[in-house]
Amino acid sequence: MTALTMAQQSFDINGLWNSDLLINSELTSENNFPAASNVQDWLFSVSYGSEFSARTNSYLNEISAIKSFGNHLFKARYSPGFQKEFLFSTGQSIILSDTSSQSLKADYVYKELFGFGYSYNLNEKISFGFNLKFFNQTFTQEVIKPVFSDTNYLVIETEKDEIDLWKADLGMSYKFSENFLVSFASLNLLTSESNPQYDYNKNFLLNTDRSFSFAVYIKPLQNSAINFIYETDNSFAGSLNHFFKLNGDKIGISITAYHDKFQNPFINSISPSLVYSSKYFDVALSGIKYFEKLKDISSFQKFSDNGIKNLLHNQFSFDRVNLTFNFKLNTKAEQQIKILEAEIKRDIFPALSDEYLDKPIAIAKVVNLTEKLLTVKPAIKINGINKDLIQLGNFQIAAFDTAEIPVYAFIPENIQIDKPTLSYAEIYFFTNAEQQEDEIQKPILVNSINSWDGEVRNLRYFIKKDLAFTQSYAKQLLSNSKSQLDTLPNSLADFYKAKIIFNNIIKNLTYVSDPRIKWDFVQYPSETLKLKGGDCDDLSVLFSSLLESIGIETALIDYRSRNDIRHVNVMINTRLSPNQASLITENDSKYFIRKNASGADEVWIVIETTSLTDFDTAWSLGSEIFNGEALDKMGLLNGDVQIIDVY
Amino acid sequence: MKKIIFLLVVISLNAFPQNFEIIKVNGKAKALLNSSESWIELKSGSKLSANSIIEVDKNSSVKIVGENVSVTLNGSSAITLSSLKKMSTEELLLALAMENILSAPRKNKNNNSPNTAVYGKNDFEKNPVVSNDEFGLKRLNGAKQLAENGLKESAVIAAKEVYRKYPSTKSLADYRIFFADILYEKKLYEEALDEYKDIQTLTLSEQQKEKLSERIEEIKKKLAK
């Protein structure tokens with residue numbers, strides 16, 4: 001006998017649905033690998049069925065519960081309605097004493113009573129699951145047995161077999177995109193069955209041959225799905241789902257067609273279904289219509305030869321309607337926004353603290369899961385930098401829209417980090433109600449406090465950091481030259497202060513070439529003085545910081561053109577007008593005119609800070625380089641040279 | 001220290017590869033070599049780098065030859081040798097764009113307060129003005145002579161630099177019109193129009209006013225086409 005296999009995946013009492021279309025729910029009762037389920041917390045389900053055979057039977061199909069814990073999903077169900085009974089005459093009869101006869105009967109009852117399922121979302125794309133099902137098979141057969149005594153006679157006895165069966169299967173799903181999911185599942189992977197008491201019942205046991213199913217779920221439109229499931233015995237089912245929105249709720253319709261090689265015609269049945277899905281409950285009304293007639297009476301031979309393949313869906317099944325209620329108990333707040341991805345845009349350079357208030361440290365791709373405009377607040381905590389969550393900025397995302405949201409970091413000013421560390425950033429998103437919606441972790445490189453990103457304009461941060469120290473140091477140097485300064489006109493004060501400071505500091509400094517092409521380490525002014533030397537950026541930072549600390553405006557000149565070896569000079573505002581320039585030089589190629597914010601012309605001079613001979617030489621060299629690179633070669637126009645004001 | 005010297009030599013060589021030679025000196029001429037503060041007298045055969053400035057006295061002249069260029073500077077003029085170069089109209093446009101960058105006012109910032117310490121004598125020489133208008137005029141003459149030697153584009157840029165460094169020369173209408181006419185001649189009408197309009201704000205003779213009005217109308221018609 002080609003006997004029963006287990007309830008197959010390609011049949012479901014509500015038809016084949018894509019659960020993604022429902023609100024926090026699912027309608028598949030057969031599939032115990034709810035990998036694609038969007039149940040957020042609890043889902044309780046009860047289903048009734050009515051079968052239209054010679055007499056209509058109504059019964060409880062199943063009751064089930066689903067619970068979600070983060071990436072874990074558990075399901076348990078009790079299914080008293082998942083059963084099929086076959087009552088046959090054995091062909092034998094006995095003639096009673098009153099000359100009437102009695103046929104002997106055989107009764108075969110198959111039940112799937114319990115099911116347990118579990119699935120785990122490994123990540124956004126991959127889920128694994130397994131299920132465990134318990135079946136009971138009760139076979140009773142009337143037999144005639146002789147009784148030997150003073151008078152020999154025959155009696156009818158009933159021989160009853162109860163056989164239990166456990167089976168376990170595995171499945172997995174892969175989500176290629178929001179609109180395309182495939183799943184695979186085993187059928188009868190592991191089984192455990194008790195032995196029948198009577199050998200003749202062995203032929204009627206459930207068949208546990210192993211097979212395999214493959215399913216595809218496609219969402220060509222936001223509220224529509226096409227689903228297809230195929231089993232290795234050549235059975236398949238296909239369905240179309242479509243949902244209509246109704247004031248925040250949904251109404252869905254579906255039609256499923258089945259092919260089963262043991263049933264006729266080729267498409268043996270269709271299953272229309274209608275569902276109302278709301279925040280708290282679903283109601284689904286579904287039916288199945290078979291195209292083959294005359295199922296009420298069949299021969300034992302037909303049963304014996306072909307068996308059935310599915311407890312609910314076989315060549316002996318009758319047309320049926322089902323009514324299913326889902327109840328959703330959400331003890332968790334409903335997730336309104338979801339982080340799809342976050343990309344770290346820059347490493348952390350602790351010295352450049354203010355920079356991170358203007359430029360995002362990361363861009364997060366966030367989707368609004370609701371049908372209303374949402375205000376979201378990104379927050380970040382960088383391990384080793386922040387003790388608390390830092391929340392900066394509000395952003396709005398339209399209903400069901402996906403947006404790229406910038407995430408800004410806050411770097412405390414006085415943080416001390418001595419060496420680069422690979423840390424991680426925790427990125428959170430909150431809604432207006434201060435409810436945390438989603439989070440993601442990303443690795444991030446935290447550099448040392450002396451690290452620099454190579455952008456000359458960011459040397460400003462090194463210049464400003466030590467300002468209290470440099471002010472005290474500069475004032476000390478100038479106080480030693482007070483008598484000299486007192487003889488000068490006010491308008492020349494800035495020029496001579498710069499000259500005195502430069503000529504004093506170079507006495508103890510040595511230029512130390514940075515062996516690395518990539519500039520990644522900058523000394524603070526106090527460090528350069530303590531170490532008595534530095535490279536061009538260290539010396540420029542020191543000189544600029546000393547001047548800025550006493551109110552002399554400076555700018556950094558970033559020379560970028562020289563074979564990737566970049567160079568920095570310092571430009572000083574003498575605050576002289578062009579008419580006063582001859583007070584400091586005969587040579588008009590040694591100064592440059594820049595307009596201040598009010599439009600007045602001011603005389604600026606350029607100092608090559610690596611020239612540690614004297615101020616005049618450093619000035620001459622600075623002028624020559626600027627004339628050549630910035631003006632003659634038009635570096636200022638083509639971007640090879642930039643003037644970056646420190647303040 | 002060797003490294004510094006090497007670096008600076010490389011920088012200087014890269015920046016000023018071109019050299020000029022003085023072919024002939026009539027009268028008196030002097031030069032500031034590179035960034036020097038001391039003038040030296042020019043003689044025939046002197047070789048100078050592009051960053052040098054030369055000044056020619058009244059009734060004197062100097063013939064200078066550089067790479068693909070030969071210029072005779074006449075009396076009362078001064079010029080930086082790097083200006084002695086042939087430029088295309090496109091290069092002139094780029095150079096004018098850079099002039100605009102240089103002339104743009106810096107953005108208003110949160111200025112740190114200037115040092116309050118006062119050094120120097122109070123009433124005397126608090127803010128002296130030692131305008132060197134005479135040298136500015138020589139510079140402008142030098143620029144004009146560049147144009148007369150066929151280096152019209154370079155002349156315009158040299159004049160712009162003179163106007164920045166010697167602001168009083170901007171009021172010399174004749175020179176302004178001369179350089180604006182070069183822009184017009186080179187069909188840089190928008191640039192010429194801006195210049196003519198700016199010149200209109202100066203004190204002008206009736207003849208100059210008339211010429212400017214005619215030019216402005218003419219350019220407007222050309223631009224309207």
# chains A, B, ... in the order shown; residues from 1 in each chain; ligands from 1

$ interface_residues --of "chain A" --to "chain B" --cutoff "7 Å" --atoms "only C-alpha atoms" --output "compact mmCIF listing (two decimals) with C-alpha atoms, in the first residue's frame"
# COMPACT_ATOMS: atom_id res chain seq x y z
CA LEU A 485 58.15 97.60 21.24
CA ASP A 486 57.59 100.85 23.10
CA THR A 487 59.54 102.76 20.48
CA LEU A 488 57.37 101.53 17.62
CA PRO A 489 54.25 103.08 16.12
CA ASN A 490 51.11 101.12 17.00
CA SER A 491 50.52 100.14 13.43
CA ALA A 493 53.17 96.45 16.64
CA ILE A 550 47.94 87.63 21.57
CA GLY A 551 45.35 88.69 19.01
CA ILE A 552 47.39 88.57 15.80
CA PRO A 578 48.78 98.95 1.58
CA ASN A 579 49.91 102.58 2.01
CA GLN A 580 51.88 101.50 5.08
CA SER A 582 56.75 100.32 2.78
CA LEU A 583 57.23 100.63 6.55
CA THR A 585 59.65 96.31 3.22
CA GLU A 586 61.06 97.92 0.11
CA ASN A 587 60.12 94.84 -1.86
CA LYS A 590 56.97 90.17 -0.07
CA ILE A 593 46.79 92.29 0.11
CA ARG A 594 43.70 90.70 1.59
CA LYS A 595 40.43 92.43 2.28
CA ASN A 596 39.00 92.09 5.78
CA ALA A 597 35.30 91.47 6.45
CA GLY A 599 36.29 95.37 2.77
CA SER A 620 61.60 85.90 2.21
CA GLU A 624 58.91 83.29 -2.78
CA ILE A 625 56.97 80.06 -2.36
CA GLY A 628 55.45 80.94 -7.22
CA GLU A 629 52.89 78.36 -6.13
CA LEU A 636 44.80 79.60 -5.51
CA LEU A 637 42.57 79.15 -8.53
CA TYR A 647 39.61 81.80 13.23

$ residues_around --residues "Glu195 of chain B" --least-positions-apart "4" --cutoff "12 Å" --atoms "only C-alpha atoms" --output "JSON, numbers by chain"
{"B": [96, 156, 160, 170, 173, 175, 176, 177, 178, 179, 180, 181, 182, 183, 184, 188, 189, 190, 191, 199, 200, 201, 202, 212, 215, 216, 219]}

$ residues_around --residues "Gly75 of chain B" --least-positions-apart "3" --cutoff "8 Å" --atoms "only C-alpha atoms" --output "ChimeraX atom specification"
/B:56-61

$ select_by_dssp --residues "segment 274-309 of chain A" --states "helix (DSSP H, G or I)" --output "list in words"
Phe300, Gln301, Lys302, Phe303, Ser304, Asp305 and Asn306 of chain A

$ residues_around --residues "Ser53 of chain A" --least-positions-apart "2" --cutoff "9 Å" --atoms "only C-alpha atoms" --output "list in words"
Glu51, Arg55, Thr56, Asn57, Lys295, Asp296, Ser317, Phe318, Asp319 and Arg320 of chain A

$ write_last_selection --atoms "N, CA and C atoms" --output "compact mmCIF listing (two decimals), in the first residue's frame"
# COMPACT_ATOMS: atom_id res chain seq x y z
N GLU A 51 -17.05 20.62 7.07
CA GLU A 51 -16.79 19.79 5.91
C GLU A 51 -18.13 19.38 5.29
N ARG A 55 -22.99 14.29 5.39
CA ARG A 55 -23.56 15.15 6.43
C ARG A 55 -22.46 16.15 6.82
N THR A 56 -22.91 17.32 7.14
CA THR A 56 -21.94 18.38 7.42
C THR A 56 -21.41 18.23 8.84
N ASN A 57 -20.11 18.21 8.95
CA ASN A 57 -19.46 18.15 10.26
C ASN A 57 -18.76 19.46 10.54
N LYS A 295 -16.95 11.71 -3.61
CA LYS A 295 -15.92 11.34 -2.66
C LYS A 295 -16.49 10.64 -1.42
N ASP A 296 -17.83 10.71 -1.29
CA ASP A 296 -18.42 10.18 -0.05
C ASP A 296 -18.15 8.70 0.11
N SER A 317 -10.96 13.99 0.38
CA SER A 317 -11.36 15.19 1.12
C SER A 317 -12.60 15.80 0.50
N PHE A 318 -13.35 16.49 1.35
CA PHE A 318 -14.58 17.14 0.91
C PHE A 318 -14.39 18.65 0.89
N ASP A 319 -15.29 19.31 0.15
CA ASP A 319 -15.27 20.78 0.16
C ASP A 319 -15.43 21.24 1.60
N ARG A 320 -14.80 22.42 1.89
CA ARG A 320 -14.76 22.79 3.30
C ARG A 320 -14.70 24.32 3.40

$ select_by_dssp --residues "segment 130-215 of chain A" --states "strand (DSSP E)" --output "mmCIF file with C-alpha atoms, in the first residue's frame"
data_model
loop_
_atom_site.group_PDB
_atom_site.id
_atom_site.type_symbol
_atom_site.label_atom_id
_atom_site.label_comp_id
_atom_site.auth_asym_id
_atom_site.auth_seq_id
_atom_site.Cartn_x
_atom_site.Cartn_y
_atom_site.Cartn_z
ATOM 1 C CA PHE A 130 12.632 23.315 12.974
ATOM 2 C CA ASN A 131 9.347 21.711 13.896
ATOM 3 C CA LEU A 132 8.216 18.701 15.834
ATOM 4 C CA LYS A 133 4.863 17.022 15.259
ATOM 5 C CA PHE A 134 3.016 14.307 17.055
ATOM 6 C CA PHE A 135 0.681 11.922 15.222
ATOM 7 C CA ASN A 136 -1.599 9.213 16.491
ATOM 8 C CA GLN A 137 -2.927 6.327 14.392
ATOM 9 C CA THR A 138 -5.778 4.255 15.739
ATOM 10 C CA PHE A 139 -6.703 1.146 13.758
ATOM 11 C CA THR A 140 -9.607 -1.074 14.797
ATOM 12 C CA GLN A 141 -10.729 -4.157 12.961
ATOM 13 C CA GLU A 142 -13.532 -6.582 13.709
ATOM 14 C CA VAL A 143 -12.480 -10.210 13.480
ATOM 15 C CA ILE A 144 -14.293 -13.516 14.007
ATOM 16 C CA LYS A 145 -12.839 -15.733 16.594
ATOM 17 C CA PRO A 146 -13.951 -19.257 17.501
ATOM 18 C CA VAL A 147 -14.680 -20.066 21.110
ATOM 19 C CA TYR A 153 -19.257 -20.989 18.588
ATOM 20 C CA LEU A 154 -17.879 -17.838 16.894
ATOM 21 C CA VAL A 155 -17.697 -14.324 18.344
ATOM 22 C CA ILE A 156 -16.889 -10.932 16.841
ATOM 23 C CA GLU A 157 -13.956 -9.275 18.523
ATOM 24 C CA THR A 158 -12.367 -5.886 17.927
ATOM 25 C CA GLU A 159 -8.606 -5.684 17.603
ATOM 26 C CA LYS A 160 -7.316 -2.189 18.279
ATOM 27 C CA ASP A 161 -3.884 -0.751 17.572
ATOM 28 C CA GLU A 162 -2.672 2.629 18.840
ATOM 29 C CA ILE A 163 0.545 3.743 17.140
ATOM 30 C CA ASP A 164 2.290 7.014 18.030
ATOM 31 C CA LEU A 165 4.585 8.863 15.695
ATOM 32 C CA TRP A 166 6.925 11.810 16.264
ATOM 33 C CA LYS A 167 8.601 13.564 13.386
ATOM 34 C CA ALA A 168 11.001 16.486 13.146
ATOM 35 C CA ASP A 169 11.933 18.688 10.195
ATOM 36 C CA LEU A 170 14.290 21.550 9.438
ATOM 37 C CA GLY A 171 13.844 24.565 7.245
ATOM 38 C CA MET A 172 15.501 27.809 6.303
ATOM 39 C CA SER A 173 14.610 30.960 4.433
ATOM 40 C CA TYR A 174 16.687 33.556 2.636
ATOM 41 C CA LYS A 175 15.450 37.055 1.965
ATOM 42 C CA PHE A 176 17.148 38.364 -1.156
ATOM 43 C CA SER A 177 15.346 41.666 -0.767
ATOM 44 C CA PHE A 180 11.846 38.375 -2.659
ATOM 45 C CA LEU A 181 12.142 35.456 -0.262
ATOM 46 C CA VAL A 182 12.860 31.782 -0.803
ATOM 47 C CA SER A 183 12.546 28.939 1.704
ATOM 48 C CA PHE A 184 13.521 25.291 1.858
ATOM 49 C CA ALA A 185 12.187 22.614 4.175
ATOM 50 C CA SER A 186 12.601 18.921 4.737
ATOM 51 C CA LEU A 187 9.639 16.571 5.063
ATOM 52 C CA LEU A 190 13.601 12.453 11.518
ATOM 53 C CA THR A 191 10.831 10.109 12.706
ATOM 54 C CA SER A 192 10.172 7.900 15.706
ATOM 55 C CA GLU A 193 7.274 5.454 15.684
ATOM 56 C CA SER A 211 11.145 14.525 0.730
ATOM 57 C CA PHE A 212 11.814 18.187 0.324
ATOM 58 C CA SER A 213 9.994 21.426 -0.466
ATOM 59 C CA PHE A 214 11.033 24.730 -2.008
ATOM 60 C CA ALA A 215 9.002 27.935 -1.841
#

$ atom_distance --atom1 "atom CA of Asn368 of chain A" --atom2 "atom CA of Asn71 of chain A"
20.2 Å

$ residues_around --residues "Asn68 of chain B" --least-positions-apart "6" --cutoff "12 Å" --atoms "only C-alpha atoms" --output "list in words"
Gln18, Asn19, Phe20, Leu84, Lys85, Lys86, Met87 and Leu151 of chain B

$ write_last_selection --atoms "C-alpha atoms" --output "PDB file, in the first residue's frame"
ATOM      1  CA  GLN B  18      62.644  80.872 -15.662  1.00  0.00           C
ATOM      2  CA  ASN B  19      65.649  83.185 -15.920  1.00  0.00           C
ATOM      3  CA  PHE B  20      65.992  86.544 -17.625  1.00  0.00           C
ATOM      4  CA  LEU B  84      57.119  89.001 -18.724  1.00  0.00           C
ATOM      5  CA  LYS B  85      55.229  86.122 -20.222  1.00  0.00           C
ATOM      6  CA  LYS B  86      52.902  85.474 -23.094  1.00  0.00           C
ATOM      7  CA  MET B  87      49.384  84.596 -22.051  1.00  0.00           C
ATOM      8  CA  LEU B 151      52.190  91.300 -23.718  1.00  0.00           C
TER       9      LEU B 151
END

$ residues_around --residues "Phe88 of chain A" --least-positions-apart "4" --cutoff "7 Å" --atoms "only C-alpha atoms" --output "PyMOL selection string"
chain A and resi 105-107+300

$ residues_around --residues "segment 335-345 of chain A" --least-positions-apart "2" --cutoff "7 Å" --atoms "only C-alpha atoms" --output "ChimeraX atom specification"
/A:333,361-370,437-439

$ write_last_selection --atoms "N, CA and C atoms" --output "mmCIF file, in the first residue's frame"
data_model
loop_
_atom_site.group_PDB
_atom_site.id
_atom_site.type_symbol
_atom_site.label_atom_id
_atom_site.label_comp_id
_atom_site.auth_asym_id
_atom_site.auth_seq_id
_atom_site.Cartn_x
_atom_site.Cartn_y
_atom_site.Cartn_z
ATOM 1 N N ALA A 333 6.079 47.703 22.830
ATOM 2 C CA ALA A 333 5.651 48.836 22.011
ATOM 3 C C ALA A 333 5.936 48.473 20.559
ATOM 4 N N ILE A 361 29.331 61.528 11.688
ATOM 5 C CA ILE A 361 30.279 60.435 11.876
ATOM 6 C C ILE A 361 29.778 59.188 11.143
ATOM 7 N N ALA A 362 28.462 59.121 10.956
ATOM 8 C CA ALA A 362 27.874 57.956 10.290
ATOM 9 C C ALA A 362 26.603 58.389 9.563
ATOM 10 N N ILE A 363 26.243 57.590 8.574
ATOM 11 C CA ILE A 363 24.957 57.787 7.895
ATOM 12 C C ILE A 363 24.168 56.496 8.092
ATOM 13 N N ALA A 364 22.981 56.634 8.661
ATOM 14 C CA ALA A 364 22.148 55.442 8.910
ATOM 15 C C ALA A 364 20.967 55.449 7.952
ATOM 16 N N LYS A 365 20.723 54.294 7.369
ATOM 17 C CA LYS A 365 19.563 54.141 6.484
ATOM 18 C C LYS A 365 18.413 53.637 7.347
ATOM 19 N N VAL A 366 17.375 54.450 7.468
ATOM 20 C CA VAL A 366 16.310 54.170 8.423
ATOM 21 C C VAL A 366 14.965 54.162 7.705
ATOM 22 N N VAL A 367 14.128 53.198 8.059
ATOM 23 C CA VAL A 367 12.814 53.126 7.418
ATOM 24 C C VAL A 367 11.721 53.423 8.443
ATOM 25 N N ASN A 368 10.759 54.210 8.028
ATOM 26 C CA ASN A 368 9.582 54.503 8.844
ATOM 27 C C ASN A 368 8.561 53.391 8.578
ATOM 28 N N LEU A 369 8.275 52.583 9.606
ATOM 29 C CA LEU A 369 7.386 51.437 9.415
ATOM 30 C C LEU A 369 5.919 51.814 9.539
ATOM 31 N N THR A 370 5.658 53.051 9.889
ATOM 32 C CA THR A 370 4.274 53.453 10.126
ATOM 33 C C THR A 370 3.721 54.206 8.921
ATOM 34 N N GLU A 437 13.863 52.795 19.456
ATOM 35 C CA GLU A 437 13.228 51.988 18.429
ATOM 36 C C GLU A 437 14.135 50.905 17.884
ATOM 37 N N ASP A 438 15.377 51.258 17.662
ATOM 38 C CA ASP A 438 16.283 50.273 17.059
ATOM 39 C C ASP A 438 17.718 50.686 17.358
ATOM 40 N N GLU A 439 18.627 49.761 17.242
ATOM 41 C CA GLU A 439 20.029 50.068 17.480
ATOM 42 C C GLU A 439 20.905 49.214 16.575
#

$ atom_distance --atom1 "atom CA of Ile54 of chain B" --atom2 "atom CA of Asn149 of chain B"
16.3 Å

$ decode --residues "segment 478-501 of chain A" --atoms "N, CA and C atoms" --output "short mmCIF file (atom, residue, chain, number, x, y, z; two decimals), in the first residue's frame"
data_model
loop_
_atom_site.label_atom_id
_atom_site.label_comp_id
_atom_site.auth_asym_id
_atom_site.auth_seq_id
_atom_site.Cartn_x
_atom_site.Cartn_y
_atom_site.Cartn_z
N LEU A 478 57.30 88.62 24.85
CA LEU A 478 57.16 90.03 24.48
C LEU A 478 57.57 90.96 25.61
N SER A 479 57.32 90.52 26.84
CA SER A 479 57.68 91.39 27.97
C SER A 479 59.20 91.60 28.01
N ASN A 480 59.93 90.61 27.53
CA ASN A 480 61.39 90.77 27.49
C ASN A 480 61.81 91.80 26.44
N SER A 481 60.92 92.11 25.50
CA SER A 481 61.26 93.07 24.45
C SER A 481 60.40 94.33 24.54
N LYS A 482 59.90 94.58 25.73
CA LYS A 482 58.97 95.70 25.89
C LYS A 482 59.59 97.03 25.47
N SER A 483 60.84 97.22 25.84
CA SER A 483 61.47 98.50 25.53
C SER A 483 61.56 98.71 24.02
N GLN A 484 61.81 97.64 23.29
CA GLN A 484 61.89 97.74 21.82
C GLN A 484 60.51 98.06 21.24
N LEU A 485 59.51 97.40 21.77
CA LEU A 485 58.15 97.60 21.24
C LEU A 485 57.64 99.00 21.56
N ASP A 486 58.07 99.53 22.69
CA ASP A 486 57.59 100.85 23.10
C ASP A 486 58.01 101.95 22.14
N THR A 487 59.06 101.72 21.40
CA THR A 487 59.54 102.76 20.48
C THR A 487 58.84 102.72 19.13
N LEU A 488 57.99 101.74 18.94
CA LEU A 488 57.37 101.53 17.62
C LEU A 488 56.00 102.18 17.52
N PRO A 489 55.65 102.64 16.30
CA PRO A 489 54.25 103.08 16.12
C PRO A 489 53.30 101.90 16.31
N ASN A 490 52.10 102.19 16.75
CA ASN A 490 51.11 101.12 17.00
C ASN A 490 50.89 100.24 15.79
N SER A 491 50.86 100.90 14.63
CA SER A 491 50.52 100.14 13.43
C SER A 491 51.55 99.08 13.10
N LEU A 492 52.74 99.22 13.62
CA LEU A 492 53.78 98.23 13.34
C LEU A 492 53.88 97.16 14.43
N ALA A 493 53.05 97.33 15.47
CA ALA A 493 53.17 96.45 16.64
C ALA A 493 53.01 94.97 16.26
N ASP A 494 51.99 94.65 15.48
CA ASP A 494 51.74 93.23 15.17
C ASP A 494 52.90 92.61 14.39
N PHE A 495 53.41 93.37 13.44
CA PHE A 495 54.53 92.86 12.64
C PHE A 495 55.75 92.56 13.53
N TYR A 496 56.07 93.52 14.40
CA TYR A 496 57.27 93.31 15.22
C TYR A 496 57.04 92.28 16.33
N LYS A 497 55.84 92.20 16.82
CA LYS A 497 55.56 91.14 17.82
C LYS A 497 55.79 89.78 17.17
N ALA A 498 55.30 89.63 15.95
CA ALA A 498 55.47 88.35 15.24
C ALA A 498 56.95 88.07 15.04
N LYS A 499 57.68 89.11 14.70
CA LYS A 499 59.11 88.96 14.44
C LYS A 499 59.86 88.58 15.72
N ILE A 500 59.53 89.25 16.81
CA ILE A 500 60.21 88.97 18.10
C ILE A 500 59.91 87.54 18.55
N ILE A 501 58.67 87.15 18.45
CA ILE A 501 58.28 85.80 18.89
C ILE A 501 58.99 84.75 18.04
#
